[in-house]
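Novice: The structure's right below; bear with me while I get my questions together.
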Amino acid sequence: MRLSTDEVRHIALLARVGMSDEEIEQMREEMSHILEHFDVLSQVDTEGVEPTGHSADLESVMRDDEVAASRPIEDVLANAPQLEGAFIRVRAVLE
Amino acid sequence: MNPIDVMDLTVGEARGLLDSKRVSSVDLTRAVLDQIESVEAQTRAFVTVTKEVALKQARGADTRIAAGDVGPLTGIPMQLKDNLCTKDVATTCSSRMLEHFVPTYDATVTRHLSDAGAVLVGKGNLDEFAMGSSTESSAFFPTRNPWDLTRVPGGSSGGPATAVAAGECLFALGSDTGGSIRQPAALCGVVGLKPTYGLVSRYGLVAFASSLDQIGPLTKDVADSAIVLNAIAGHDPRDSTSIVHEVPDYTRALGGNIRGLRVGVPTEYFVEGVEPGVEEAVRTATGVFEELGARVVETSLPSSPYAMAVYYIIAPSEASANLARYDGVKYGYLARHADSMWDALEKTRQEGFGPEVKRRIMLGTYALSAGYYDAYYLKAQKVRTLIRREFDEAFKQFDVLVMPTSPSVAFKLGEKTTDPIQMYLNDIFTLPANIAGIPAISLPGGMVDGLPVGLQIMAPRLGEMTLLRAAHAYEQATHWHKMRPDMSKGGNGAMVPG
């Protein structure tokens, strides 16, 4: 499986990871090489096999709806890179 | 009072010293801090040393001990891997992205240990976001193996494994997504336990691959592993994958005999690529099980060769989703020199993440993307089912499975950093346990040219009692867990305590 430069650029866009042209090229090489190793799975017959999403056999957990204290707002804001008063400052979403 | 020999001291032995009032927790904590001071320049096992916190907690522990309010870990110095949240102490994941992140809450395991009176001496180095097998992908610095400073300690819990082996703490907690507790434990000659998925709460563990991640102890011996597991196991309403399960006293597994224990040895774990010294050590170890009265039989897990592809599709897929949260808004690094919101987002992730993390985000994004989902992610999940079934079948015949933890002993720094596949191959024997969600332990099982070999034991889901009983019986019949690196010689050459 050889990836094209455009494919790698598209994945980087989906993942929102900025990359220089050199990084794209190196990623193309490495990902193509790794994907070749994934081809072994095509040898496995999985006809009629259900996928496993989780290793534990989990069931939905229900609990009572109880009122409890929220985290203090200072805690929630403590690690935000840009604040304005009690608000997190973000860049304009609409231009 | 004689100087405390932190290189040799186990948690169990320290308990005796503290309870008999021969040493105080402050004495013990100072001895560990002194050891950190003297060897840390060589090993670099810590991202943060929390000296003030440690001494304060040690004084608190001494007050509790004087009042008779004592548990097995009261006053015992520990290190936590730096992806476990510690309130008011930086939790970096060894990433630029979280370099200045200071949690406002404790992980559930942190809270359990602090309630038990354990003393935090610092936070352990790791591969960035726990993605790696050598601790070389830490954004800050690599950790070095105490047995040979030119070699890696394994990863991603390389800091915790090194800290335990070098006497820089008496026990540590790591996390294991594909072998990140067991492989470094093997390479550093200590005991590393990955519990059953869901036995230990993941609340406050920075997420990597949520269906695989599990927290567990790194210790000098099997008894200590049981003691620490007692303190951290149990249901937590804050982790929806946490199992509701009556937690036994794991120390009751110690000292039992293993006569008649059914031990399976899967042939797929003795293949090309395993170093001859490692194979020989593990074959010798299976002989020890026979001498102890166990019934050792060769068996087969034919889907094992597919585990690596399954893992390196599923783990990056989950990682790409989990790491989408790093957007420079609520916490973490923010690139401020950007033209727009999208530009800020892309630059934040370009500059905040290192190469291995980016590689996995890209692989995961690709595997989940339209057109490839069925061929990669769904296919991997189906093969995951087959691997689980094979283990289920095997455990109808066997109580435990025994195999090497890692195909090699510790390798040189830089030896595998240029080829991701070579690095990924370090995990081939550990990641099946994560895929199946079963418990597995690595314990010292031999030496090759002065470097430790890890023996791995796997048990069925929630089979920790059997796992620890088998591990303890083997350990007590051998002397490998008594071997210590000679830190006075800069970590070259083994030393057996007299």
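Numbering starts fresh at 1 for the residues of each chain in the structure tokens, the chains themselves are lettered A, B, ... in the order given, and ligands are numbered from 1 as they appear.
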Provide as JSON, numbers by chain the residues of chain B at most 6 Å from chain A, counting only C-alpha atoms.

Specialist: {"B": [104, 211, 309, 330, 331, 341, 346, 347, 349, 350, 381, 382, 385, 436, 437]}

Novice: Keeping only C-alpha atoms, write the selected residues as a tab-separated table (two decimals), in the first residue's frame.

Specialist:
```tsv
chain	number	residue	atom	x	y	z
B	104	THR	CA	-6.62	20.22	39.77
B	211	SER	CA	-10.03	-0.19	25.30
B	309	ALA	CA	-1.16	-5.59	13.08
B	330	LYS	CA	-9.04	24.35	27.58
B	331	TYR	CA	-5.52	23.27	28.58
B	341	MET	CA	-8.53	29.49	14.30
B	346	GLU	CA	-2.82	22.97	13.19
B	347	LYS	CA	0.25	24.80	14.53
B	349	ARG	CA	-0.65	20.19	17.20
B	350	GLN	CA	2.36	20.49	14.89
B	381	GLN	CA	-11.62	-5.71	15.58
B	382	LYS	CA	-12.76	-9.01	14.07
B	385	THR	CA	-12.30	-11.46	18.54
B	436	ALA	CA	-7.66	-9.96	25.13
B	437	GLY	CA	-7.96	-7.89	28.34
```

Novice: Run DSSP on the backbone and give me the residues of chain A it puts in strand (DSSP E), as number ranges by chain.

Specialist: A: 83-84, 87-88

Novice: I need the residue nearest Thr177 in chain B from this list: B:Gly328, B:Gly264, B:Pro142, B:Gly132. Use only C-alpha atoms for the distance.

Specialist: B:Gly132

Novice: If you run DSSP on the backbone, which residues of chain A are alpha helix (DSSP H), as an MDAnalysis selection string?

Specialist: chainID A and resid 5:15 21:38 73:77

Novice: Could you please determine the separation between CA of Ser134 in chain B and CA of Pro266 in chain B in Å, to one decimal place?

Specialist: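 Calculated distance between CA of Ser134 in chain B and CA of Pro266 in chain B is 25.9 Å.
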
Novice: Which residues are near Pro302 in chain B? Cut-off 9 Å, only C-alpha atoms, ignore same chain within fewer than 5 positions. Put them as an NGL selection string.

Specialist: :B and (266-268 or 387 or 390)

Novice: For Pro146 in chain B, find every residue with an atom within 9 Å (counting only C-alpha atoms), except residues of its own chain fewer than 5 positions away, and show them as a PyMOL selection string.

Specialist: chain B and resi 42-43+151-153+162-163+165-166+188+485-487+490-492

Novice: Mind dumping the selected residues with N, CA and C atoms as a PDB file, in the first residue's frame?

Specialist:
```pdb
ATOM      1  N   GLN B  42      22.617  10.070  36.065  1.00  0.00           N
ATOM      2  CA  GLN B  42      22.907   8.959  35.154  1.00  0.00           C
ATOM      3  C   GLN B  42      21.640   8.367  34.551  1.00  0.00           C
ATOM      4  N   THR B  43      20.615   8.142  35.390  1.00  0.00           N
ATOM      5  CA  THR B  43      19.449   7.394  34.916  1.00  0.00           C
ATOM      6  C   THR B  43      18.382   8.278  34.265  1.00  0.00           C
ATOM      7  N   ARG B 151      22.229   1.699  27.315  1.00  0.00           N
ATOM      8  CA  ARG B 151      21.044   0.991  26.809  1.00  0.00           C
ATOM      9  C   ARG B 151      19.752   1.622  27.310  1.00  0.00           C
ATOM     10  N   VAL B 152      18.657   1.325  26.590  1.00  0.00           N
ATOM     11  CA  VAL B 152      17.345   1.853  26.963  1.00  0.00           C
ATOM     12  C   VAL B 152      16.756   1.020  28.106  1.00  0.00           C
ATOM     13  N   PRO B 153      15.855   1.622  28.879  1.00  0.00           N
ATOM     14  CA  PRO B 153      15.169   0.870  29.940  1.00  0.00           C
ATOM     15  C   PRO B 153      13.902   0.178  29.427  1.00  0.00           C
ATOM     16  N   THR B 162      13.032   2.027  35.779  1.00  0.00           N
ATOM     17  CA  THR B 162      14.380   2.431  36.170  1.00  0.00           C
ATOM     18  C   THR B 162      14.415   2.880  37.623  1.00  0.00           C
ATOM     19  N   ALA B 163      13.420   3.668  38.024  1.00  0.00           N
ATOM     20  CA  ALA B 163      13.399   4.188  39.392  1.00  0.00           C
ATOM     21  C   ALA B 163      13.347   3.049  40.407  1.00  0.00           C
ATOM     22  N   ALA B 165      14.383  -0.124  39.859  1.00  0.00           N
ATOM     23  CA  ALA B 165      15.634  -0.894  39.773  1.00  0.00           C
ATOM     24  C   ALA B 165      16.801  -0.152  40.406  1.00  0.00           C
ATOM     25  N   ALA B 166      16.790   1.174  40.352  1.00  0.00           N
ATOM     26  CA  ALA B 166      17.927   1.969  40.832  1.00  0.00           C
ATOM     27  C   ALA B 166      17.721   2.493  42.250  1.00  0.00           C
ATOM     28  N   CYS B 188      14.611  -3.958  32.839  1.00  0.00           N
ATOM     29  CA  CYS B 188      15.269  -3.391  34.019  1.00  0.00           C
ATOM     30  C   CYS B 188      15.366  -4.393  35.170  1.00  0.00           C
ATOM     31  N   PRO B 485      21.500  -3.913  39.826  1.00  0.00           N
ATOM     32  CA  PRO B 485      22.551  -3.233  39.063  1.00  0.00           C
ATOM     33  C   PRO B 485      23.518  -2.545  40.027  1.00  0.00           C
ATOM     34  N   ASP B 486      24.769  -2.453  39.636  1.00  0.00           N
ATOM     35  CA  ASP B 486      25.765  -1.799  40.487  1.00  0.00           C
ATOM     36  C   ASP B 486      25.869  -0.329  40.093  1.00  0.00           C
ATOM     37  N   MET B 487      25.099   0.500  40.772  1.00  0.00           N
ATOM     38  CA  MET B 487      25.052   1.915  40.401  1.00  0.00           C
ATOM     39  C   MET B 487      26.370   2.629  40.693  1.00  0.00           C
ATOM     40  N   GLY B 490      28.502   3.139  37.690  1.00  0.00           N
ATOM     41  CA  GLY B 490      27.845   3.766  36.554  1.00  0.00           C
ATOM     42  C   GLY B 490      26.966   2.797  35.806  1.00  0.00           C
ATOM     43  N   GLY B 491      26.434   1.835  36.541  1.00  0.00           N
ATOM     44  CA  GLY B 491      25.492   0.917  35.928  1.00  0.00           C
ATOM     45  C   GLY B 491      26.138  -0.061  34.980  1.00  0.00           C
ATOM     46  N   ASN B 492      27.315  -0.552  35.304  1.00  0.00           N
ATOM     47  CA  ASN B 492      27.904  -1.592  34.464  1.00  0.00           C
ATOM     48  C   ASN B 492      28.253  -2.787  35.316  1.00  0.00           C
TER      49      ASN B 492
END
```

Novice: Env of Phe353 in chain B: 8 Å cut, atoms = only C-alpha atoms, seq-sep filter 3 positions within chain, self excluded. Answer as a ChimeraX atom specification.

Specialist: /B:95-97,349-350,357-358

Novice: Write a file of the selected residues as a compact mmCIF listing (two decimals), in the first residue's frame, keeping N, CA and C atoms.

Specialist:
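Written output follows (part.txt):
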```
# COMPACT_ATOMS: atom_id res chain seq x y z
N SER B 95 5.42 15.32 27.26
CA SER B 95 5.06 15.97 25.99
C SER B 95 5.14 17.48 26.15
N ARG B 96 5.57 18.16 25.08
CA ARG B 96 5.51 19.64 25.06
C ARG B 96 4.06 20.09 25.23
N MET B 97 3.13 19.26 24.74
CA MET B 97 1.72 19.62 24.79
C MET B 97 1.24 19.85 26.22
N ARG B 349 -0.88 21.63 17.25
CA ARG B 349 -0.65 20.19 17.20
C ARG B 349 0.67 19.85 16.50
N GLN B 350 1.08 20.68 15.56
CA GLN B 350 2.36 20.49 14.89
C GLN B 350 3.52 20.69 15.87
N VAL B 357 4.00 10.47 18.22
CA VAL B 357 2.59 10.76 18.49
C VAL B 357 1.90 11.16 17.19
N LYS B 358 2.56 11.99 16.38
CA LYS B 358 1.98 12.39 15.08
C LYS B 358 1.77 11.17 14.18
```
